[in-house]
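A quick write-up on the structure given underneath.
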Amino acid sequence: MNCRIDRRAVLKGMAGTALVLPVLEAMGAEDSSTPPRRFCALYTANGMSLPKPEHGIDEWSWFPRLEKEGQFEFGKSTEPLAPFRSQLSFFGGLQHDYGLKADPHVCSDMWLTGAPLHNPKPGSYNTVSLDQIVALHTKQHCRQPSLVLSIDAGVGFLSRTGTISYDLQGRPVPAESHPRRVFDRLFRVEQSSQAAQRSQLQSRIKLVDAVVENANRFQKSLGRSDRDKMDQYLSSLNEIESRLIASEKWIDIPLKQQDYSAINLDASPEGEPAEYYRNMFDLIALAFDADITRTVAFMLNREDGMGISDTFPLKLGLTRTHHNLSHAGDKDGQLEFAKYDLFLSQQLASFFTRLNSLRDPVGSVLDNTIVLYGSGASTTHWPRNLPTMVVGGNNLGLRHGRYWRQDEGKMSNLYLSILQSLGVDASAFADSTGTLATDVFSKA
């Protein structure tokens, strides 16, 4: 028989603590008809291929050719995305104002943050990233507040970051890179009883609390450089603790039944690039479909020749590394750079096809997800005209099929538009001056 649950139902915990139940199908049609609002940020380093006119290969420019009334024609490097014309839009001319003054190698650090604000604390310059603001508003609905991924895992280091996600204090959120560890985190269900699981989680939370307390005391005796390292360590502990706490709330609620047979858990960044990306994107799609998380940030490549992904073009039969191609001033180099952009477009097309194949109560997963794709530079180390694409969200008020451009437009205004489309009650983000002046977005 069907059991109807009131949406205001709570789970009573220790000491009278009450946890609001997530929205479940058993709560009735009025709730299941409300689509989940998801966000996914995808970052590629070193900019995109934007050949010069004298190269004679304009059709390989990442930005599309603009036609009348905002309509556009896809370039060769983005042609695989043509089937999604009604679900995507390009944005040109955007920039982070601080990026014009900063070391050009920090463009990935600030891509989702727009940092800094007016008075960053000594020894730091960053602020919270867009994905973590979204996670703050969606975490009560899902098992994990957010999923942070990157090609090399960890956090990297200032100006050569290994993550694009930053917490509320502007500290880097550690990323994961290997499919098996991502799968275990998302889908591995403990075989022990619920009581045993709860006891184990509580023990782990207490252990993390004790380590944090001791680390905070120890940090006071350290020099500035060591304190910075400890900040990153504490950020990792905070991320682990929030994950454990979220897991405890969901012990009594079973995971959605899904088919994991197509996932290759042994795929790795050291192997074949397309196979690696396919598996990582499949894991994101399954996590969204099961409502394990509603916020994902994935750093596809790292800046300035750092990390394993710099060799991906060589593995694809091109003649130069990714960073080397991004600096190429000749026609052949820019053409190869564009062919790597084409490879990334092919991976994105597969991802979007997967999201369209998964169904929510209303529409597809892609219809209820805003995907942000872009880079922190237009060409290497040039912080203007950031290549930017927004995909999905058709059920969230987005109207696509446009190429919008504004010289010296604020990237933070785009981010504020995204937040409001996701239902976040925000009046500003970073240095925004308002929402983006485009009809792509409408307040949902």
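Residues in the structure tokens are numbered from 1 in each chain, the chains being A, B, ... in the order shown, and ligands are numbered from 1 in the order shown.
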Which neighbours of A:Phe90 fall inside 12 Å, counting only C-alpha atoms, when residues of the same chain fewer than 4 positions from it are skipped, and could you give them as a PDB file with N, CA and C atoms, in the first residue's frame?
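Dumped everything to part_4.pdb:
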ATOM      1  N   TRP A  62      36.683  28.577 -30.773  1.00  0.00           N
ATOM      2  CA  TRP A  62      35.752  27.994 -29.802  1.00  0.00           C
ATOM      3  C   TRP A  62      34.465  28.801 -29.727  1.00  0.00           C
ATOM      4  N   PHE A  63      34.565  30.122 -29.731  1.00  0.00           N
ATOM      5  CA  PHE A  63      33.353  30.944 -29.737  1.00  0.00           C
ATOM      6  C   PHE A  63      32.629  30.758 -31.064  1.00  0.00           C
ATOM      7  N   PRO A  64      31.299  30.679 -31.042  1.00  0.00           N
ATOM      8  CA  PRO A  64      30.543  30.487 -32.282  1.00  0.00           C
ATOM      9  C   PRO A  64      30.515  31.752 -33.120  1.00  0.00           C
ATOM     10  N   ARG A  65      30.080  31.605 -34.359  1.00  0.00           N
ATOM     11  CA  ARG A  65      29.900  32.765 -35.220  1.00  0.00           C
ATOM     12  C   ARG A  65      28.512  33.337 -34.966  1.00  0.00           C
ATOM     13  N   LEU A  66      28.473  34.609 -34.615  1.00  0.00           N
ATOM     14  CA  LEU A  66      27.222  35.260 -34.251  1.00  0.00           C
ATOM     15  C   LEU A  66      26.429  35.627 -35.498  1.00  0.00           C
ATOM     16  N   GLY A  70      21.132  37.284 -31.905  1.00  0.00           N
ATOM     17  CA  GLY A  70      21.739  36.412 -30.926  1.00  0.00           C
ATOM     18  C   GLY A  70      21.894  34.965 -31.347  1.00  0.00           C
ATOM     19  N   GLN A  71      21.383  34.606 -32.531  1.00  0.00           N
ATOM     20  CA  GLN A  71      21.549  33.242 -33.017  1.00  0.00           C
ATOM     21  C   GLN A  71      23.003  33.034 -33.444  1.00  0.00           C
ATOM     22  N   PHE A  72      23.422  31.782 -33.513  1.00  0.00           N
ATOM     23  CA  PHE A  72      24.842  31.526 -33.786  1.00  0.00           C
ATOM     24  C   PHE A  72      25.016  30.240 -34.575  1.00  0.00           C
ATOM     25  N   GLU A  73      26.214  30.116 -35.132  1.00  0.00           N
ATOM     26  CA  GLU A  73      26.612  28.901 -35.830  1.00  0.00           C
ATOM     27  C   GLU A  73      27.783  28.282 -35.072  1.00  0.00           C
ATOM     28  N   PHE A  74      27.679  27.014 -34.750  1.00  0.00           N
ATOM     29  CA  PHE A  74      28.745  26.331 -34.032  1.00  0.00           C
ATOM     30  C   PHE A  74      30.019  26.310 -34.871  1.00  0.00           C
ATOM     31  N   GLY A  75      31.165  26.464 -34.178  1.00  0.00           N
ATOM     32  CA  GLY A  75      32.442  26.237 -34.820  1.00  0.00           C
ATOM     33  C   GLY A  75      32.762  24.750 -34.847  1.00  0.00           C
ATOM     34  N   THR A  78      33.205  22.871 -31.498  1.00  0.00           N
ATOM     35  CA  THR A  78      32.037  22.659 -30.638  1.00  0.00           C
ATOM     36  C   THR A  78      30.884  21.978 -31.383  1.00  0.00           C
ATOM     37  N   LEU A  81      28.292  19.529 -29.934  1.00  0.00           N
ATOM     38  CA  LEU A  81      27.267  20.050 -29.032  1.00  0.00           C
ATOM     39  C   LEU A  81      26.034  20.558 -29.783  1.00  0.00           C
ATOM     40  N   PHE A  84      22.386  19.896 -28.879  1.00  0.00           N
ATOM     41  CA  PHE A  84      21.884  20.491 -27.640  1.00  0.00           C
ATOM     42  C   PHE A  84      21.650  21.997 -27.778  1.00  0.00           C
ATOM     43  N   ARG A  85      21.506  22.467 -29.021  1.00  0.00           N
ATOM     44  CA  ARG A  85      21.351  23.901 -29.259  1.00  0.00           C
ATOM     45  C   ARG A  85      20.241  24.493 -28.392  1.00  0.00           C
ATOM     46  N   SER A  86      19.135  23.786 -28.255  1.00  0.00           N
ATOM     47  CA  SER A  86      18.010  24.324 -27.472  1.00  0.00           C
ATOM     48  C   SER A  86      18.238  24.204 -25.974  1.00  0.00           C
ATOM     49  N   LEU A  94      33.109  38.165 -20.962  1.00  0.00           N
ATOM     50  CA  LEU A  94      33.072  38.193 -19.500  1.00  0.00           C
ATOM     51  C   LEU A  94      34.473  38.191 -18.899  1.00  0.00           C
ATOM     52  N   VAL A 371      24.524  23.522 -15.916  1.00  0.00           N
ATOM     53  CA  VAL A 371      25.934  23.169 -16.089  1.00  0.00           C
ATOM     54  C   VAL A 371      26.680  24.401 -16.585  1.00  0.00           C
ATOM     55  N   LEU A 372      27.715  24.773 -15.869  1.00  0.00           N
ATOM     56  CA  LEU A 372      28.593  25.879 -16.261  1.00  0.00           C
ATOM     57  C   LEU A 372      29.902  25.294 -16.760  1.00  0.00           C
ATOM     58  N   TYR A 373      30.288  25.624 -17.987  1.00  0.00           N
ATOM     59  CA  TYR A 373      31.541  25.124 -18.563  1.00  0.00           C
ATOM     60  C   TYR A 373      32.365  26.296 -19.058  1.00  0.00           C
ATOM     61  N   GLY A 374      33.644  26.303 -18.732  1.00  0.00           N
ATOM     62  CA  GLY A 374      34.482  27.381 -19.220  1.00  0.00           C
ATOM     63  C   GLY A 374      35.897  27.301 -18.693  1.00  0.00           C
ATOM     64  N   ASN A 385      37.453  38.174 -21.844  1.00  0.00           N
ATOM     65  CA  ASN A 385      36.686  37.388 -22.804  1.00  0.00           C
ATOM     66  C   ASN A 385      36.748  35.899 -22.467  1.00  0.00           C
ATOM     67  N   LEU A 386      36.403  35.554 -21.230  1.00  0.00           N
ATOM     68  CA  LEU A 386      36.520  34.171 -20.765  1.00  0.00           C
ATOM     69  C   LEU A 386      35.534  33.269 -21.513  1.00  0.00           C
ATOM     70  N   PRO A 387      36.012  32.200 -22.134  1.00  0.00           N
ATOM     71  CA  PRO A 387      35.107  31.280 -22.834  1.00  0.00           C
ATOM     72  C   PRO A 387      34.125  30.660 -21.838  1.00  0.00           C
ATOM     73  N   THR A 388      32.844  30.822 -22.087  1.00  0.00           N
ATOM     74  CA  THR A 388      31.838  30.407 -21.113  1.00  0.00           C
ATOM     75  C   THR A 388      30.608  29.853 -21.827  1.00  0.00           C
ATOM     76  N   MET A 389      30.134  28.736 -21.310  1.00  0.00           N
ATOM     77  CA  MET A 389      28.921  28.124 -21.844  1.00  0.00           C
ATOM     78  C   MET A 389      28.044  27.678 -20.679  1.00  0.00           C
ATOM     79  N   VAL A 390      26.755  27.894 -20.792  1.00  0.00           N
ATOM     80  CA  VAL A 390      25.783  27.434 -19.793  1.00  0.00           C
ATOM     81  C   VAL A 390      24.839  26.463 -20.487  1.00  0.00           C
ATOM     82  N   VAL A 391      24.633  25.313 -19.844  1.00  0.00           N
ATOM     83  CA  VAL A 391      23.861  24.236 -20.455  1.00  0.00           C
ATOM     84  C   VAL A 391      22.785  23.779 -19.471  1.00  0.00           C
ATOM     85  N   ARG A 399      16.250  30.056 -21.109  1.00  0.00           N
ATOM     86  CA  ARG A 399      15.845  30.024 -22.517  1.00  0.00           C
ATOM     87  C   ARG A 399      17.112  30.071 -23.370  1.00  0.00           C
ATOM     88  N   HIS A 400      17.381  28.990 -24.053  1.00  0.00           N
ATOM     89  CA  HIS A 400      18.691  28.794 -24.671  1.00  0.00           C
ATOM     90  C   HIS A 400      18.696  29.046 -26.183  1.00  0.00           C
ATOM     91  N   GLY A 401      19.832  28.649 -26.786  1.00  0.00           N
ATOM     92  CA  GLY A 401      20.043  28.824 -28.208  1.00  0.00           C
ATOM     93  C   GLY A 401      20.580  30.190 -28.560  1.00  0.00           C
ATOM     94  N   ARG A 402      21.314  30.812 -27.633  1.00  0.00           N
ATOM     95  CA  ARG A 402      21.787  32.184 -27.829  1.00  0.00           C
ATOM     96  C   ARG A 402      23.300  32.284 -27.649  1.00  0.00           C
ATOM     97  N   TYR A 403      23.877  33.275 -28.287  1.00  0.00           N
ATOM     98  CA  TYR A 403      25.261  33.680 -28.035  1.00  0.00           C
ATOM     99  C   TYR A 403      25.204  35.126 -27.571  1.00  0.00           C
ATOM    100  N   TRP A 404      25.393  35.302 -26.284  1.00  0.00           N
ATOM    101  CA  TRP A 404      25.327  36.633 -25.663  1.00  0.00           C
ATOM    102  C   TRP A 404      26.745  37.145 -25.447  1.00  0.00           C
ATOM    103  N   ARG A 405      26.956  38.410 -25.739  1.00  0.00           N
ATOM    104  CA  ARG A 405      28.299  38.980 -25.570  1.00  0.00           C
ATOM    105  C   ARG A 405      28.199  40.418 -25.089  1.00  0.00           C
ATOM    106  N   GLN A 406      29.066  40.753 -24.141  1.00  0.00           N
ATOM    107  CA  GLN A 406      29.167  42.130 -23.668  1.00  0.00           C
ATOM    108  C   GLN A 406      30.614  42.401 -23.305  1.00  0.00           C
ATOM    109  N   LEU A 414      26.917  36.899 -14.071  1.00  0.00           N
ATOM    110  CA  LEU A 414      26.430  35.612 -14.567  1.00  0.00           C
ATOM    111  C   LEU A 414      26.175  34.665 -13.398  1.00  0.00           C
ATOM    112  N   THR A 438      20.602  39.610 -19.878  1.00  0.00           N
ATOM    113  CA  THR A 438      20.329  38.702 -20.983  1.00  0.00           C
ATOM    114  C   THR A 438      19.009  37.995 -20.729  1.00  0.00           C
ATOM    115  N   VAL A 440      18.491  34.963 -21.455  1.00  0.00           N
ATOM    116  CA  VAL A 440      18.715  33.537 -21.232  1.00  0.00           C
ATOM    117  C   VAL A 440      18.137  33.131 -19.886  1.00  0.00           C
TER     118      VAL A 440
END
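With only C-alpha atoms as the basis for measurement, A:Leu335 is the residue among A:Ser364, A:Gly392, A:Thr380, A:Leu335 that approaches A:Pro51 most closely.
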